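Novice: Below you'll find start_26.pdb; it's PDB, N, CA and C atoms.
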ATOM      1  N   MET I  79     -15.261  -4.635  -7.357
ATOM      2  CA  MET I  79     -14.096  -3.881  -6.952
ATOM      3  C   MET I  79     -13.247  -4.751  -6.033
ATOM      4  N   ILE I  80     -11.944  -4.737  -6.283
ATOM      5  CA  ILE I  80     -10.975  -5.452  -5.452
ATOM      6  C   ILE I  80     -10.024  -4.423  -4.848
ATOM      7  N   TYR I  81      -9.766  -4.548  -3.562
ATOM      8  CA  TYR I  81      -8.793  -3.686  -2.914
ATOM      9  C   TYR I  81      -7.548  -4.494  -2.603
ATOM     10  N   TYR I  82      -6.417  -3.982  -3.040
ATOM     11  CA  TYR I  82      -5.111  -4.542  -2.731
ATOM     12  C   TYR I  82      -4.610  -3.752  -1.535
ATOM     13  N   ASN I  83      -4.563  -4.387  -0.383
ATOM     14  CA  ASN I  83      -4.222  -3.733   0.867
ATOM     15  C   ASN I  83      -2.799  -4.117   1.271
ATOM     16  N   VAL I  84      -1.960  -3.110   1.445
ATOM     17  CA  VAL I  84      -0.587  -3.333   1.888
ATOM     18  C   VAL I  84      -0.441  -2.692   3.264
ATOM     19  N   THR I  85      -0.212  -3.503   4.274
ATOM     20  CA  THR I  85      -0.031  -3.010   5.632
ATOM     21  C   THR I  85       1.464  -3.015   5.925
ATOM     22  N   VAL I  86       1.968  -1.873   6.367
ATOM     23  CA  VAL I  86       3.405  -1.702   6.564
ATOM     24  C   VAL I  86       3.683  -1.195   7.971
ATOM     25  N   ASN I  87       4.608  -1.871   8.657
ATOM     26  CA  ASN I  87       5.140  -1.347   9.906
ATOM     27  C   ASN I  87       6.518  -0.790   9.576
ATOM     28  N   ILE I  88       6.719   0.484   9.908
ATOM     29  CA  ILE I  88       7.974   1.149   9.565
ATOM     30  C   ILE I  88       8.687   1.602  10.840
ATOM     31  N   HIS I  89       9.963   1.315  10.915
ATOM     32  CA  HIS I  89      10.778   1.663  12.080
ATOM     33  C   HIS I  89      10.892   3.181  12.202
ATOM     34  N   GLU I  90      10.901   3.665  13.430
ATOM     35  CA  GLU I  90      10.961   5.109  13.685
ATOM     36  C   GLU I  90      12.178   5.773  13.034
ATOM     37  N   SER I  91      13.288   5.060  12.948
ATOM     38  CA  SER I  91      14.526   5.657  12.434
ATOM     39  C   SER I  91      14.448   6.035  10.958
ATOM     40  N   VAL I  92      13.514   5.440  10.222
ATOM     41  CA  VAL I  92      13.368   5.752   8.790
ATOM     42  C   VAL I  92      11.957   6.233   8.458
ATOM     43  N   HIS I  93      11.158   6.486   9.482
ATOM     44  CA  HIS I  93       9.759   6.825   9.268
ATOM     45  C   HIS I  93       9.575   8.020   8.336
ATOM     46  N   ASP I  94      10.247   9.117   8.610
ATOM     47  CA  ASP I  94      10.032  10.326   7.812
ATOM     48  C   ASP I  94      10.474  10.131   6.364
ATOM     49  N   GLN I  95      11.602   9.466   6.174
ATOM     50  CA  GLN I  95      12.094   9.176   4.816
ATOM     51  C   GLN I  95      11.097   8.280   4.076
ATOM     52  N   TRP I  96      10.590   7.255   4.759
ATOM     53  CA  TRP I  96       9.631   6.335   4.151
ATOM     54  C   TRP I  96       8.332   7.050   3.780
ATOM     55  N   MET I  97       7.851   7.883   4.701
ATOM     56  CA  MET I  97       6.600   8.610   4.459
ATOM     57  C   MET I  97       6.737   9.515   3.233
ATOM     58  N   GLN I  98       7.847  10.209   3.116
ATOM     59  CA  GLN I  98       8.071  11.072   1.952
ATOM     60  C   GLN I  98       8.130  10.236   0.677
ATOM     61  N   TRP I  99       8.850   9.129   0.718
ATOM     62  CA  TRP I  99       8.966   8.233  -0.440
ATOM     63  C   TRP I  99       7.598   7.689  -0.850
ATOM     64  N   MET I 100       6.812   7.276   0.128
ATOM     65  CA  MET I 100       5.482   6.730  -0.177
ATOM     66  C   MET I 100       4.599   7.785  -0.840
ATOM     67  N   GLN I 101       4.513   8.963  -0.236
ATOM     68  CA  GLN I 101       3.579   9.977  -0.703
ATOM     69  C   GLN I 101       4.033  10.690  -1.969
ATOM     70  N   GLU I 102       5.329  10.841  -2.150
ATOM     71  CA  GLU I 102       5.812  11.587  -3.301
ATOM     72  C   GLU I 102       6.227  10.712  -4.479
ATOM     73  N   LYS I 103       6.483   9.413  -4.219
ATOM     74  CA  LYS I 103       7.000   8.572  -5.297
ATOM     75  C   LYS I 103       6.235   7.253  -5.451
ATOM     76  N   HIS I 104       6.295   6.411  -4.436
ATOM     77  CA  HIS I 104       5.833   5.034  -4.592
ATOM     78  C   HIS I 104       4.352   4.912  -4.964
ATOM     79  N   ILE I 105       3.484   5.545  -4.202
ATOM     80  CA  ILE I 105       2.049   5.421  -4.497
ATOM     81  C   ILE I 105       1.752   5.945  -5.897
ATOM     82  N   LYS I 106       2.393   7.037  -6.278
ATOM     83  CA  LYS I 106       2.202   7.574  -7.629
ATOM     84  C   LYS I 106       2.664   6.589  -8.696
ATOM     85  N   GLU I 107       3.772   5.895  -8.435
ATOM     86  CA  GLU I 107       4.266   4.903  -9.396
ATOM     87  C   GLU I 107       3.316   3.713  -9.512
ATOM     88  N   VAL I 108       2.750   3.279  -8.395
ATOM     89  CA  VAL I 108       1.782   2.178  -8.435
ATOM     90  C   VAL I 108       0.562   2.609  -9.248
ATOM     91  N   LEU I 109       0.053   3.800  -8.995
ATOM     92  CA  LEU I 109      -1.099   4.292  -9.753
ATOM     93  C   LEU I 109      -0.761   4.473 -11.233
ATOM     94  N   ALA I 110       0.477   4.840 -11.539
ATOM     95  CA  ALA I 110       0.894   5.057 -12.926
ATOM     96  C   ALA I 110       0.915   3.769 -13.745
ATOM     97  N   THR I 111       0.835   2.613 -13.096
ATOM     98  CA  THR I 111       0.753   1.353 -13.852
ATOM     99  C   THR I 111      -0.556   1.259 -14.623
ATOM    100  N   GLY I 112      -1.548   2.071 -14.226
ATOM    101  CA  GLY I 112      -2.847   2.034 -14.871
ATOM    102  C   GLY I 112      -3.733   0.895 -14.407
ATOM    103  N   LYS I 113      -3.302   0.177 -13.386
ATOM    104  CA  LYS I 113      -4.060  -0.984 -12.922
ATOM    105  C   LYS I 113      -4.982  -0.671 -11.740
ATOM    106  N   PHE I 114      -4.869   0.535 -11.204
ATOM    107  CA  PHE I 114      -5.686   0.912 -10.051
ATOM    108  C   PHE I 114      -6.406   2.225 -10.320
ATOM    109  N   LEU I 115      -7.595   2.339  -9.753
ATOM    110  CA  LEU I 115      -8.403   3.547  -9.915
ATOM    111  C   LEU I 115      -8.039   4.627  -8.903
ATOM    112  N   SER I 116      -7.637   4.196  -7.715
ATOM    113  CA  SER I 116      -7.336   5.137  -6.641
ATOM    114  C   SER I 116      -6.503   4.446  -5.576
ATOM    115  N   ALA I 117      -6.000   5.256  -4.649
ATOM    116  CA  ALA I 117      -5.261   4.729  -3.505
ATOM    117  C   ALA I 117      -5.630   5.543  -2.279
ATOM    118  N   ARG I 118      -5.584   4.889  -1.158
ATOM    119  CA  ARG I 118      -5.894   5.518   0.127
ATOM    120  C   ARG I 118      -4.836   5.052   1.120
ATOM    121  N   MET I 119      -4.275   5.991   1.874
ATOM    122  CA  MET I 119      -3.283   5.652   2.897
ATOM    123  C   MET I 119      -3.864   6.025   4.250
ATOM    124  N   VAL I 120      -3.892   5.073   5.166
ATOM    125  CA  VAL I 120      -4.426   5.316   6.502
ATOM    126  C   VAL I 120      -3.416   4.853   7.548
ATOM    127  N   LYS I 121      -3.454   5.499   8.690
ATOM    128  CA  LYS I 121      -2.596   5.109   9.809
ATOM    129  C   LYS I 121      -3.362   4.134  10.678
ATOM    130  N   VAL I 122      -2.714   3.056  11.056
ATOM    131  CA  VAL I 122      -3.310   2.071  11.956
ATOM    132  C   VAL I 122      -3.109   2.583  13.377
ATOM    133  N   LEU I 123      -4.210   2.762  14.092
ATOM    134  CA  LEU I 123      -4.164   3.374  15.421
ATOM    135  C   LEU I 123      -4.083   2.333  16.529
ATOM    136  N   VAL I 124      -3.128   1.430  16.385
ATOM    137  CA  VAL I 124      -2.878   0.406  17.395
ATOM    138  C   VAL I 124      -1.384   0.429  17.690
ATOM    139  N   GLU I 125      -1.033   0.427  18.948
ATOM    140  CA  GLU I 125       0.371   0.407  19.310
ATOM    141  C   GLU I 125       0.913  -1.001  19.092
ATOM    142  N   GLU I 126       1.952  -1.098  18.286
ATOM    143  CA  GLU I 126       2.543  -2.385  17.938
ATOM    144  C   GLU I 126       3.582  -2.807  18.973
ATOM    145  N   GLU I 127       3.603  -4.092  19.307
ATOM    146  CA  GLU I 127       4.603  -4.623  20.226
ATOM    147  C   GLU I 127       6.008  -4.428  19.687
ATOM    148  N   LEU I 128       6.160  -4.543  18.369
ATOM    149  CA  LEU I 128       7.485  -4.435  17.785
ATOM    150  C   LEU I 128       7.918  -2.992  17.590
ATOM    151  N   GLY I 129       7.081  -2.035  17.984
ATOM    152  CA  GLY I 129       7.424  -0.623  17.863
ATOM    153  C   GLY I 129       7.133  -0.102  16.468
ATOM    154  N   GLY I 130       7.655   1.063  16.178
ATOM    155  CA  GLY I 130       7.422   1.675  14.881
ATOM    156  C   GLY I 130       5.992   2.161  14.732
ATOM    157  N   GLN I 131       5.660   2.535  13.509
ATOM    158  CA  GLN I 131       4.314   2.975  13.189
ATOM    159  C   GLN I 131       3.787   2.115  12.044
ATOM    160  N   THR I 132       2.472   1.919  12.029
ATOM    161  CA  THR I 132       1.866   1.042  11.035
ATOM    162  C   THR I 132       0.869   1.813  10.194
ATOM    163  N   TYR I 133       0.901   1.547   8.903
ATOM    164  CA  TYR I 133       0.016   2.184   7.925
ATOM    165  C   TYR I 133      -0.567   1.106   7.024
ATOM    166  N   ALA I 134      -1.732   1.402   6.463
ATOM    167  CA  ALA I 134      -2.323   0.540   5.442
ATOM    168  C   ALA I 134      -2.561   1.393   4.203
ATOM    169  N   ILE I 135      -2.140   0.870   3.067
ATOM    170  CA  ILE I 135      -2.369   1.537   1.795
ATOM    171  C   ILE I 135      -3.289   0.639   0.995
ATOM    172  N   GLN I 136      -4.429   1.175   0.576
ATOM    173  CA  GLN I 136      -5.419   0.402  -0.163
ATOM    174  C   GLN I 136      -5.526   0.937  -1.582
ATOM    175  N   TYR I 137      -5.229   0.051  -2.527
ATOM    176  CA  TYR I 137      -5.318   0.379  -3.942
ATOM    177  C   TYR I 137      -6.567  -0.289  -4.502
ATOM    178  N   ALA I 138      -7.408   0.460  -5.208
ATOM    179  CA  ALA I 138      -8.664  -0.065  -5.749
ATOM    180  C   ALA I 138      -8.465  -0.483  -7.197
ATOM    181  N   ALA I 139      -8.746  -1.752  -7.476
ATOM    182  CA  ALA I 139      -8.681  -2.291  -8.835
ATOM    183  C   ALA I 139     -10.090  -2.680  -9.281
ATOM    184  N   VAL I 140     -10.326  -2.633 -10.572
ATOM    185  CA  VAL I 140     -11.652  -2.951 -11.109
ATOM    186  C   VAL I 140     -12.005  -4.408 -10.854
ATOM    187  N   ASN I 141     -11.027  -5.314 -11.005
ATOM    188  CA  ASN I 141     -11.314  -6.745 -10.842
ATOM    189  C   ASN I 141     -10.038  -7.515 -10.501
ATOM    190  N   LYS I 142     -10.207  -8.777 -10.208
ATOM    191  CA  LYS I 142      -9.105  -9.660  -9.811
ATOM    192  C   LYS I 142      -8.103  -9.838 -10.957
ATOM    193  N   GLU I 143      -8.597  -9.885 -12.175
ATOM    194  CA  GLU I 143      -7.718 -10.068 -13.331
ATOM    195  C   GLU I 143      -6.736  -8.903 -13.455
ATOM    196  N   THR I 144      -7.210  -7.686 -13.233
ATOM    197  CA  THR I 144      -6.338  -6.516 -13.295
ATOM    198  C   THR I 144      -5.301  -6.571 -12.186
ATOM    199  N   LEU I 145      -5.705  -6.985 -11.002
ATOM    200  CA  LEU I 145      -4.766  -7.125  -9.892
ATOM    201  C   LEU I 145      -3.717  -8.188 -10.220
ATOM    202  N   GLU I 146      -4.125  -9.295 -10.807
ATOM    203  CA  GLU I 146      -3.177 -10.348 -11.194
ATOM    204  C   GLU I 146      -2.163  -9.823 -12.204
ATOM    205  N   ARG I 147      -2.622  -8.987 -13.136
ATOM    206  CA  ARG I 147      -1.693  -8.391 -14.104
ATOM    207  C   ARG I 147      -0.686  -7.496 -13.387
ATOM    208  N   TYR I 148      -1.139  -6.771 -12.375
ATOM    209  CA  TYR I 148      -0.220  -5.950 -11.585
ATOM    210  C   TYR I 148       0.846  -6.835 -10.939
ATOM    211  N   TYR I 149       0.430  -7.944 -10.332
ATOM    212  CA  TYR I 149       1.390  -8.848  -9.689
ATOM    213  C   TYR I 149       2.443  -9.327 -10.686
ATOM    214  N   GLN I 150       2.011  -9.677 -11.881
ATOM    215  CA  GLN I 150       2.914 -10.240 -12.888
ATOM    216  C   GLN I 150       3.788  -9.185 -13.554
ATOM    217  N   GLU I 151       3.216  -8.028 -13.855
ATOM    218  CA  GLU I 151       3.911  -7.046 -14.682
ATOM    219  C   GLU I 151       4.638  -5.962 -13.897
ATOM    220  N   ASP I 152       4.196  -5.645 -12.705
ATOM    221  CA  ASP I 152       4.703  -4.456 -12.012
ATOM    222  C   ASP I 152       5.214  -4.684 -10.593
ATOM    223  N   ALA I 153       4.578  -5.561  -9.849
ATOM    224  CA  ALA I 153       4.867  -5.689  -8.412
ATOM    225  C   ALA I 153       6.334  -5.977  -8.095
ATOM    226  N   PRO I 154       6.982  -6.909  -8.777
ATOM    227  CA  PRO I 154       8.387  -7.190  -8.398
ATOM    228  C   PRO I 154       9.278  -5.949  -8.472
ATOM    229  N   ARG I 155       9.159  -5.192  -9.527
ATOM    230  CA  ARG I 155       9.966  -3.979  -9.708
ATOM    231  C   ARG I 155       9.645  -2.945  -8.628
ATOM    232  N   LEU I 156       8.373  -2.744  -8.342
ATOM    233  CA  LEU I 156       7.985  -1.721  -7.378
ATOM    234  C   LEU I 156       8.307  -2.123  -5.933
ATOM    235  N   ARG I 157       8.222  -3.396  -5.633
ATOM    236  CA  ARG I 157       8.553  -3.859  -4.279
ATOM    237  C   ARG I 157      10.051  -3.799  -4.018
ATOM    238  N   GLU I 158      10.843  -4.003  -5.055
ATOM    239  CA  GLU I 158      12.301  -4.057  -4.912
ATOM    240  C   GLU I 158      12.863  -2.753  -4.359
ATOM    241  N   GLU I 159      12.347  -1.634  -4.817
ATOM    242  CA  GLU I 159      12.888  -0.355  -4.363
ATOM    243  C   GLU I 159      12.691  -0.165  -2.861
ATOM    244  N   GLY I 160      11.505  -0.501  -2.362
ATOM    245  CA  GLY I 160      11.255  -0.388  -0.926
ATOM    246  C   GLY I 160      12.176  -1.283  -0.123
ATOM    247  N   ALA I 161      12.372  -2.494  -0.596
ATOM    248  CA  ALA I 161      13.268  -3.425   0.098
ATOM    249  C   ALA I 161      14.699  -2.894   0.094
ATOM    250  N   ARG I 162      15.121  -2.327  -1.018
ATOM    251  CA  ARG I 162      16.479  -1.787  -1.131
ATOM    252  C   ARG I 162      16.663  -0.571  -0.219
ATOM    253  N   LEU I 163      15.670   0.321  -0.193
ATOM    254  CA  LEU I 163      15.787   1.552   0.591
ATOM    255  C   LEU I 163      15.652   1.338   2.095
ATOM    256  N   PHE I 164      14.751   0.424   2.497
ATOM    257  CA  PHE I 164      14.400   0.333   3.911
ATOM    258  C   PHE I 164      14.717  -1.010   4.552
ATOM    259  N   GLY I 165      15.004  -2.026   3.758
ATOM    260  CA  GLY I 165      15.423  -3.323   4.283
ATOM    261  C   GLY I 165      14.556  -3.846   5.396
ATOM    262  N   ASP I 166      15.202  -4.282   6.482
ATOM    263  CA  ASP I 166      14.458  -4.886   7.594
ATOM    264  C   ASP I 166      13.810  -3.855   8.508
ATOM    265  N   LYS I 167      13.901  -2.583   8.163
ATOM    266  CA  LYS I 167      13.213  -1.540   8.937
ATOM    267  C   LYS I 167      11.776  -1.345   8.455
ATOM    268  N   MET I 168      11.398  -2.102   7.432
ATOM    269  CA  MET I 168      10.042  -2.054   6.875
ATOM    270  C   MET I 168       9.506  -3.488   6.796
ATOM    271  N   LEU I 169       8.416  -3.727   7.474
ATOM    272  CA  LEU I 169       7.768  -5.035   7.440
ATOM    273  C   LEU I 169       6.403  -4.854   6.789
ATOM    274  N   ALA I 170       6.171  -5.564   5.677
ATOM    275  CA  ALA I 170       4.912  -5.396   4.943
ATOM    276  C   ALA I 170       4.205  -6.733   4.789
ATOM    277  N   PHE I 171       2.886  -6.699   4.848
ATOM    278  CA  PHE I 171       2.105  -7.860   4.433
ATOM    279  C   PHE I 171       0.936  -7.379   3.605
ATOM    280  N   ARG I 172       0.508  -8.240   2.700
ATOM    281  CA  ARG I 172      -0.471  -7.854   1.693
ATOM    282  C   ARG I 172      -1.701  -8.748   1.772
ATOM    283  N   THR I 173      -2.864  -8.122   1.579
ATOM    284  CA  THR I 173      -4.116  -8.863   1.534
ATOM    285  C   THR I 173      -4.962  -8.328   0.388
ATOM    286  N   GLU I 174      -5.867  -9.162  -0.062
ATOM    287  CA  GLU I 174      -6.832  -8.762  -1.091
ATOM    288  C   GLU I 174      -8.204  -8.703  -0.443
ATOM    289  N   LEU I 175      -8.931  -7.629  -0.732
ATOM    290  CA  LEU I 175     -10.244  -7.426  -0.151
ATOM    291  C   LEU I 175     -11.256  -7.246  -1.281
ATOM    292  N   ALA I 176     -12.388  -7.898  -1.176
ATOM    293  CA  ALA I 176     -13.458  -7.737  -2.165
ATOM    294  C   ALA I 176     -14.548  -6.854  -1.577
ATOM    295  N   LEU I 177     -14.931  -5.833  -2.326
ATOM    296  CA  LEU I 177     -15.997  -4.947  -1.882
ATOM    297  C   LEU I 177     -17.327  -5.694  -1.919
ATOM    298  N   VAL I 178     -17.998  -5.733  -0.791
ATOM    299  CA  VAL I 178     -19.302  -6.388  -0.696
ATOM    300  C   VAL I 178     -20.411  -5.357  -0.879
ATOM    301  N   ALA I 179     -20.308  -4.229  -0.177
ATOM    302  CA  ALA I 179     -21.317  -3.175  -0.270
ATOM    303  C   ALA I 179     -20.736  -1.893   0.299
ATOM    304  N   GLU I 180     -21.268  -0.778  -0.149
ATOM    305  CA  GLU I 180     -20.887   0.518   0.402
ATOM    306  C   GLU I 180     -22.148   1.226   0.877
ATOM    307  N   PHE I 181     -22.006   1.967   1.962
ATOM    308  CA  PHE I 181     -23.123   2.687   2.525
ATOM    309  C   PHE I 181     -22.680   4.122   2.805
ATOM    310  N   PHE I 182     -23.540   5.064   2.539
ATOM    311  CA  PHE I 182     -23.234   6.458   2.744
ATOM    312  C   PHE I 182     -24.339   7.117   3.550
ATOM    313  N   GLN I 183     -23.975   8.122   4.291
ATOM    314  CA  GLN I 183     -24.948   8.913   5.025
ATOM    315  C   GLN I 183     -25.850   9.626   4.023
ATOM    316  N   PRO I 184     -27.171   9.498   4.140
ATOM    317  CA  PRO I 184     -28.050  10.206   3.204
ATOM    318  C   PRO I 184     -27.969  11.710   3.415
ATOM    319  N   ASN I 185     -28.225  12.446   2.355
ATOM    320  CA  ASN I 185     -28.198  13.917   2.433
ATOM    321  C   ASN I 185     -29.449  14.454   3.090
TER     322      ASN I 185
END
Mind converting the file's structure to structure tokens?
Specialist:
Amino acid sequence: MIYYNVTVNIHESVHDQWMQWMQEKHIKEVLATGKFLSARMVKVLVEEELGGQTYAIQYAAVNKETLERYYQEDAPRLREEGARLFGDKMLAFRTELALVAEFFQPN
């Protein structure tokens, strides 16, 4: 399993608009590419020097090859809308994470 992690700092002036766009449109469009099994959005609980609020969105892909296909076939189009809507009020960086192991509380 590969996780495509997008960490975004969003300026307060567009926070509510961005949050609605992410939850009602963007994440659904990323999942609709068929390249990810699921997505998780979490709030980063650290106060940023640059202000705003920070979130991480983690998309789960079966393997690196599927993620590479996403980069080639879908990412430019999907990233463009966010840049157009929010410009410099949205700062994003992306990382790839490989699942090593999962542990759960026993029943």
Novice: Run the PyMOL selection byres ((chain I and resi 130) around 6) against the file shown and list the residues it catches, as a PyMOL selection string.
Specialist: chain I and resi 87-90+128-129+131-132
Novice: Please extract the residues of chain I with a backbone DSSP assignment of helix (DSSP H, G or I) and present them as a PyMOL selection string.
Specialist: chain I and resi 90-110+142-151+153-167
Novice: Please report the interatomic distance between atom CA of Phe181 of chain I and atom CA of Val84 of chain I in Å with one decimal.
Specialist: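 Computed distance, atom CA of Phe181 of chain I to atom CA of Val84 of chain I, equals 23.3 Å.
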Novice: As a check of understanding, name the residues that the PyMOL selection byres ((chain I and resi 172) around 7) selects in the supplied structure, as a list in words.
Specialist: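 Matching residues under the PyMOL selection byres ((chain I and resi 172) around 7) are Tyr82, Asn83, Val84, Thr85, Ala170, Phe171, Thr173 and Glu174 of chain I.
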Novice: In Å to one decimal, how far is atom N of Ser116 of chain I from atom N of Glu151 of chain I?
Specialist: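 Interatomic distance here is 17.5 Å.
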Novice: What is the atom C of Arg147 of chain I to atom C of Glu159 of chain I distance in Å?
Specialist: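 Atom C of Glu159 of chain I lies at a distance of 18.5 Å from atom C of Arg147 of chain I.
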Novice: Once 5 Å is added on each side, what centre and edge lengths in Å to one decimal does the axis-aligned box around all listed atoms of segment 98-103 of chain I have, as lines of an AutoDock Vina configuration file?
Specialist:
center_x = 6.3
center_y = 9.2
center_z = -1.2
size_x = 15.4
size_y = 14.9
size_z = 18.6
Novice: Do a neighbour search on Ile105 of chain I at 12 Å with only C-alpha atoms, toss out local chain neighbours closer than 4 positions, and write the hits as a ChimeraX atom specification.
Specialist: /I:84,96-101,109-112,114-119,134-137,156-157,160
Novice: Would you please extract all strand (DSSP E) residues from chain I, as assigned by DSSP on the backbone, and give them as number ranges by chain?
Specialist: I: 80-88, 116-121, 131-139, 168-176
Novice: Using all atoms listed in the file, which of the listed residues (I:Asn185, I:Val92, I:Tyr133, I:Gln150) sits closest to Phe164 of chain I?
Specialist: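 Ranked by minimum distance to Phe164 of chain I, first place goes to I:Val92.
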Novice: Let me make sure I understand: among I:Gln183, I:Asp94, I:Val120, I:Val108, which one has the smallest atom-to-atom distance to Asp152 of chain I if we use only C-alpha atoms?
Specialist: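 For Asp152 of chain I, the nearest of the given residues is I:Val108.
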Novice: Mind checking which residues fall within 5 Å of segment 176-179 of chain I, counting all atoms listed in the file, ignoring those fewer than 5 positions away in the same chain, and posting them as a ChimeraX atom specification?
Specialist: /I:79-81
Novice: Write out all heavy atoms for segment 80-87 of chain I, as a CSV table (one decimal), in the frame of the given file.
Specialist:
chain,number,residue,atom,x,y,z
I,80,ILE,N,-11.9,-4.7,-6.3
I,80,ILE,CA,-11.0,-5.5,-5.5
I,80,ILE,C,-10.0,-4.4,-4.8
I,80,ILE,O,-9.5,-3.5,-5.6
I,80,ILE,CB,-10.2,-6.5,-6.3
I,80,ILE,CG1,-11.0,-7.5,-6.9
I,80,ILE,CG2,-9.0,-7.1,-5.5
I,80,ILE,CD1,-11.6,-8.5,-5.9
I,81,TYR,N,-9.8,-4.5,-3.6
I,81,TYR,CA,-8.8,-3.7,-2.9
I,81,TYR,C,-7.5,-4.5,-2.6
I,81,TYR,O,-7.6,-5.6,-2.0
I,81,TYR,CB,-9.4,-3.1,-1.6
I,81,TYR,CG,-10.4,-2.1,-1.9
I,81,TYR,CD1,-11.8,-2.4,-1.9
I,81,TYR,CD2,-10.1,-0.8,-2.2
I,81,TYR,CE1,-12.8,-1.5,-2.2
I,81,TYR,CE2,-11.1,0.2,-2.4
I,81,TYR,CZ,-12.4,-0.2,-2.4
I,81,TYR,OH,-13.4,0.7,-2.7
I,82,TYR,N,-6.4,-4.0,-3.0
I,82,TYR,CA,-5.1,-4.5,-2.7
I,82,TYR,C,-4.6,-3.8,-1.5
I,82,TYR,O,-4.3,-2.6,-1.6
I,82,TYR,CB,-4.2,-4.4,-4.0
I,82,TYR,CG,-2.8,-4.7,-3.8
I,82,TYR,CD1,-2.4,-6.0,-3.2
I,82,TYR,CD2,-1.8,-3.9,-4.2
I,82,TYR,CE1,-1.1,-6.3,-3.1
I,82,TYR,CE2,-0.4,-4.2,-4.0
I,82,TYR,CZ,-0.1,-5.4,-3.5
I,82,TYR,OH,1.2,-5.7,-3.3
I,83,ASN,N,-4.6,-4.4,-0.4
I,83,ASN,CA,-4.2,-3.7,0.9
I,83,ASN,C,-2.8,-4.1,1.3
I,83,ASN,O,-2.5,-5.3,1.4
I,83,ASN,CB,-5.2,-4.2,2.0
I,83,ASN,CG,-5.0,-3.4,3.3
I,83,ASN,OD1,-5.4,-2.3,3.4
I,83,ASN,ND2,-4.3,-4.1,4.2
I,84,VAL,N,-2.0,-3.1,1.4
I,84,VAL,CA,-0.6,-3.3,1.9
I,84,VAL,C,-0.4,-2.7,3.3
I,84,VAL,O,-0.6,-1.5,3.4
I,84,VAL,CB,0.4,-2.7,0.9
I,84,VAL,CG1,1.9,-3.0,1.4
I,84,VAL,CG2,0.2,-3.2,-0.5
I,85,THR,N,-0.2,-3.5,4.3
I,85,THR,CA,0.0,-3.0,5.6
I,85,THR,C,1.5,-3.0,5.9
I,85,THR,O,2.1,-4.0,5.7
I,85,THR,CB,-0.8,-3.9,6.6
I,85,THR,OG1,-2.2,-3.9,6.3
I,85,THR,CG2,-0.7,-3.3,8.1
I,86,VAL,N,2.0,-1.9,6.4
I,86,VAL,CA,3.4,-1.7,6.6
I,86,VAL,C,3.7,-1.2,8.0
I,86,VAL,O,3.1,-0.2,8.4
I,86,VAL,CB,4.0,-0.7,5.5
I,86,VAL,CG1,5.5,-0.5,5.8
I,86,VAL,CG2,3.7,-1.1,4.1
I,87,ASN,N,4.6,-1.9,8.7
I,87,ASN,CA,5.1,-1.3,9.9
I,87,ASN,C,6.5,-0.8,9.6
I,87,ASN,O,7.4,-1.5,9.0
I,87,ASN,CB,5.2,-2.4,11.0
I,87,ASN,CG,5.8,-1.9,12.3
I,87,ASN,OD1,7.0,-1.9,12.4
I,87,ASN,ND2,5.0,-1.4,13.1
